[in-house]
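Participant: One file: model_31.txt (compact mmCIF, C-alpha atoms).
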```
# COMPACT_ATOMS: atom_id res chain seq x y z
CA MET A 1 178.47 95.65 199.37
CA ASP A 2 175.49 96.31 201.62
CA ILE A 3 173.48 99.54 201.12
CA GLY A 4 173.33 100.05 204.89
CA VAL A 5 177.09 99.76 205.30
CA ILE A 6 177.78 102.17 202.44
CA SER A 7 175.20 104.74 203.55
CA VAL A 8 176.46 104.70 207.15
CA ARG A 9 180.06 105.16 205.99
CA TYR A 10 179.14 108.19 203.89
CA ALA A 11 176.93 109.58 206.67
CA ARG A 12 179.65 109.09 209.29
CA ALA A 13 182.21 110.88 207.08
CA LEU A 14 179.75 113.73 206.45
CA LEU A 15 179.00 114.07 210.17
CA LYS A 16 182.71 114.11 211.04
CA SER A 17 183.41 116.79 208.42
CA ALA A 18 180.39 118.83 209.49
CA THR A 19 181.37 118.56 213.17
CA ASP A 20 184.94 119.61 212.40
CA ALA A 21 183.58 122.64 210.51
CA TYR A 22 181.02 123.38 213.29
CA ILE A 23 178.12 123.19 210.83
CA GLU A 24 176.66 119.82 211.85
CA ASP A 25 173.36 121.48 212.87
CA ALA A 26 172.88 123.09 209.45
CA VAL A 27 173.78 119.86 207.65
CA TYR A 28 171.35 118.01 209.97
CA GLN A 29 168.52 120.30 208.86
CA GLN A 30 169.48 119.78 205.22
CA MET A 31 169.66 115.99 205.52
CA GLN A 32 166.25 115.99 207.24
CA LEU A 33 164.91 118.07 204.36
CA LEU A 34 166.41 115.67 201.81
CA ALA A 35 164.92 112.62 203.55
CA LYS A 36 161.56 114.39 203.76
CA SER A 37 161.74 115.31 200.06
CA TYR A 38 162.16 111.65 199.14
CA ILE A 39 159.07 110.77 201.18
CA GLU A 40 156.87 113.61 199.96
CA VAL A 41 157.93 113.44 196.30
CA PRO A 42 158.12 109.75 195.31
CA ALA A 43 159.07 110.71 191.74
CA LEU A 44 162.37 112.10 193.09
CA ARG A 45 163.77 108.60 193.60
CA GLN A 46 162.80 107.50 190.09
CA THR A 47 164.28 110.66 188.60
CA ILE A 48 167.57 110.39 190.52
CA ASP A 49 167.84 106.67 189.66
CA ASN A 50 167.27 107.37 185.94
CA PRO A 51 170.58 106.63 184.14
CA MET A 52 169.57 108.83 181.20
CA LEU A 53 169.46 112.00 183.34
CA SER A 54 172.74 113.90 183.40
CA LYS A 55 174.75 114.26 186.62
CA ASP A 56 174.33 118.06 186.41
CA LYS A 57 170.54 117.78 186.45
CA LYS A 58 170.65 115.24 189.27
CA GLU A 59 172.89 117.58 191.24
CA MET A 60 170.51 120.48 190.63
CA LEU A 61 167.56 118.36 191.83
CA LEU A 62 169.35 117.11 194.94
CA LEU A 63 170.58 120.58 195.86
CA THR A 64 167.04 121.90 195.48
CA ALA A 65 165.86 119.09 197.78
CA VAL A 66 168.34 120.14 200.50
CA GLY A 67 167.44 123.82 200.41
CA GLY A 68 168.80 125.19 197.14
CA GLU A 69 171.18 128.11 197.40
CA GLN A 70 171.05 128.04 201.21
CA ALA A 71 172.75 124.62 201.22
CA ALA A 72 176.04 124.58 203.09
CA PRO A 73 179.15 124.29 200.90
CA LEU A 74 179.89 120.97 202.63
CA THR A 75 176.45 119.64 201.64
CA LYS A 76 177.04 120.75 198.05
CA ALA A 77 180.42 119.00 198.04
CA PHE A 78 178.83 115.89 199.56
CA VAL A 79 176.17 115.74 196.83
CA ALA A 80 178.86 116.20 194.17
CA LEU A 81 180.94 113.39 195.70
CA VAL A 82 177.96 111.02 195.86
CA LEU A 83 177.23 111.69 192.18
CA GLN A 84 180.89 111.35 191.20
CA GLU A 85 181.05 107.95 192.89
CA ASP A 86 177.75 106.82 191.25
CA ARG A 87 176.08 106.35 194.64
CA GLU A 88 173.09 108.60 194.01
CA SER A 89 170.67 105.68 194.37
CA MET A 90 171.73 105.48 198.05
CA ILE A 91 171.57 109.17 198.97
CA GLN A 92 168.21 108.84 200.74
CA PHE A 93 169.72 106.16 202.97
CA MET A 94 172.77 108.35 203.55
CA ALA A 95 170.53 111.24 204.63
CA ASN A 96 168.58 109.00 207.01
CA SER A 97 171.82 107.57 208.40
CA TYR A 98 173.20 111.08 208.99
CA VAL A 99 170.04 112.04 210.88
CA THR A 100 170.30 108.92 213.04
CA LEU A 101 174.01 109.41 213.76
CA TYR A 102 173.50 113.11 214.54
CA ARG A 103 170.72 112.28 217.01
CA GLN A 104 172.94 109.70 218.71
CA GLN A 105 175.83 112.15 218.93
CA LYS A 106 173.64 114.95 220.34
CA ASN A 107 171.52 112.64 222.57
CA ILE A 108 168.29 113.63 220.81
CA ILE A 109 165.18 111.54 221.35
CA ARG A 110 162.12 111.76 219.14
CA GLY A 111 158.81 112.16 220.92
CA LYS A 112 155.24 112.31 219.76
CA LEU A 113 152.17 113.59 221.56
CA THR A 114 148.79 112.67 220.12
CA THR A 115 145.71 114.44 221.47
CA ALA A 116 142.05 114.68 220.51
CA VAL A 117 142.26 118.48 220.30
CA ALA A 118 145.17 120.87 219.81
CA VAL A 119 147.20 121.51 222.96
CA SER A 120 148.56 124.83 224.12
CA PRO A 121 152.26 125.57 223.64
CA GLN A 122 152.62 125.58 227.45
CA MET A 123 151.20 122.04 227.71
CA GLU A 124 153.44 120.86 224.87
CA GLN A 125 156.45 122.40 226.63
CA LYS A 126 155.47 120.74 229.92
CA MET A 127 155.28 117.32 228.22
CA ARG A 128 158.62 117.93 226.50
CA GLN A 129 160.25 118.83 229.82
CA MET A 130 158.83 115.70 231.44
CA VAL A 131 160.27 113.50 228.69
CA GLU A 132 163.63 115.32 228.81
CA SER A 133 163.85 114.82 232.58
CA LYS A 134 163.21 111.08 232.20
CA THR A 135 165.57 110.56 229.25
CA GLN A 136 168.38 112.97 230.19
CA GLY A 137 168.44 114.14 226.57
CA THR A 138 166.94 116.67 224.22
CA VAL A 139 163.56 115.82 222.74
CA GLU A 140 162.40 116.59 219.22
CA PHE A 141 158.69 116.77 219.85
CA GLU A 142 155.96 116.24 217.30
CA THR A 143 152.31 116.85 218.09
CA GLU A 144 149.38 115.33 216.27
CA VAL A 145 145.65 115.91 216.61
CA ASN A 146 143.58 112.74 216.25
CA PRO A 147 139.90 113.14 217.22
CA ASP A 148 139.49 109.32 217.13
CA ILE A 149 141.10 109.01 220.58
CA ILE A 150 138.09 110.97 221.95
CA GLY A 151 140.05 112.60 224.77
CA GLY A 152 143.23 112.33 226.81
CA PHE A 153 146.56 111.78 225.10
CA ILE A 154 149.08 109.26 223.80
CA LEU A 155 152.73 110.03 224.54
CA GLU A 156 155.45 108.13 222.71
CA TYR A 157 159.22 108.48 222.97
CA ASP A 158 162.13 106.13 222.53
CA THR A 159 160.56 102.73 223.23
CA PHE A 160 158.04 104.08 225.74
CA ARG A 161 154.32 104.52 225.02
CA MET A 162 151.83 105.94 227.50
CA ASP A 163 148.25 105.67 226.32
CA ALA A 164 145.99 107.81 228.49
CA SER A 165 143.32 108.20 225.82
CA VAL A 166 139.61 107.89 226.51
CA LYS A 167 139.32 105.46 223.59
CA SER A 168 141.77 102.96 225.12
CA LYS A 169 140.14 103.26 228.55
CA LEU A 170 136.71 102.56 227.01
CA ASN A 171 138.12 99.58 225.12
CA ASN A 172 139.62 98.22 228.36
CA ILE A 173 136.26 98.56 230.12
CA LEU A 174 134.53 96.79 227.24
CA LYS A 175 137.03 93.91 227.42
CA THR A 176 136.44 93.58 231.14
CA LEU A 177 132.66 93.55 230.69
CA ARG A 178 132.84 90.86 227.98
CA LYS A 179 134.65 88.39 230.26
```
Translate the structure described by the file into structure tokens.
Facilitator:
Amino acid sequence: MDIGVISVRYARALLKSATDAYIEDAVYQQMQLLAKSYIEVPALRQTIDNPMLSKDKKEMLLLTAVGGEQAAPLTKAFVALVLQEDRESMIQFMANSYVTLYRQQKNIIRGKLTTAVAVSPQMEQKMRQMVESKTQGTVEFETEVNPDIIGGFILEYDTFRMDASVKSKLNNILKTLRK
């Protein structure tokens, strides 16, 4: 069976259970934390995939990755089920699938604002509101400072990208002059 199909089935079941228990937001945070843990600690995948490591130790590691003792009882039961069914090698995909399904259910769009210098919270809020008005959804906004763009900003959300950076404008002028 396909990893994507399995991970989406588990994620869909987890989202349904979490929604029924009104804890889908908490589980969302925990699944984001788990997915982030896999990215930031590459050894986690190797450790969880190790057949010599006991299920108890794998469970302890995974529960630590989702927030330890603060993990929702449903999340703890989910981790136990995944281990019981020998699907631990797919849990990162399940976490990512849950995050995607949750965002679809809640109409959440990811946005990113890249600037040459840090922006004020008011400016960030203004950009967020602009994106929310255009998308009719909630925006999870990420800001990044990249001095290489010299000035201006790059705004990305959904499939839209607005590049109002000084660097891109200079490059466009250079292209025009070379013709």
Participant: For Lys16 (chain A), which residue among A:Glu40, A:Tyr98, A:Arg87, A:Thr115 is the nearest when counting only C-alpha atoms?
Facilitator: A:Tyr98
Participant: When distances are computed from all atoms listed in the file, which of A:Gln104, A:Glu132, A:Leu14, A:Met127 shows the smallest separation from Leu155 (chain A)?
Facilitator: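 The shortest atom-to-atom distance to Leu155 (chain A) comes from A:Met127.
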Participant: Using all atoms listed in the file, pick whichever of A:Val8, A:Leu174, A:Thr19, A:Ala13 has the shortest atom-to-atom distance to Lys106 (chain A).
Facilitator: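 Looking at the shortest contact to Lys106 (chain A), the residue is A:Thr19.
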Participant: Would you give the centre and edge lengths, in Å to one decimal, of a box along x, y and z around the listed atoms of region 54-62 of chain A, with 6 Å added to each side, as lines of an AutoDock Vina configuration file?
Facilitator:
```
center_x = 171.2
center_y = 117.2
center_z = 189.2
size_x = 19.2
size_y = 18.6
size_z = 23.5
```
Participant: Given the point (141.6, 111.9, 228.4) in the file's coordinates, find the residues that have an atom at most 7 Å from it, counting all atoms listed in the file, and give them as a list in words.
Facilitator: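 Looking at atoms near the point gives Gly151, Gly152, Phe153, Ala164, Ser165 and Val166 of chain A.
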Participant: Skipping near chain neighbours, those fewer than 6 positions away, what residues fall within 8 Å of region 71-79 of chain A using all atoms listed in the file, listed as a list in words?
Facilitator: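 The residues that qualify are Leu14, Ser17, Ala18, Ala26, Val27, Gln30, Glu59, Leu62 and Leu63 of chain A.
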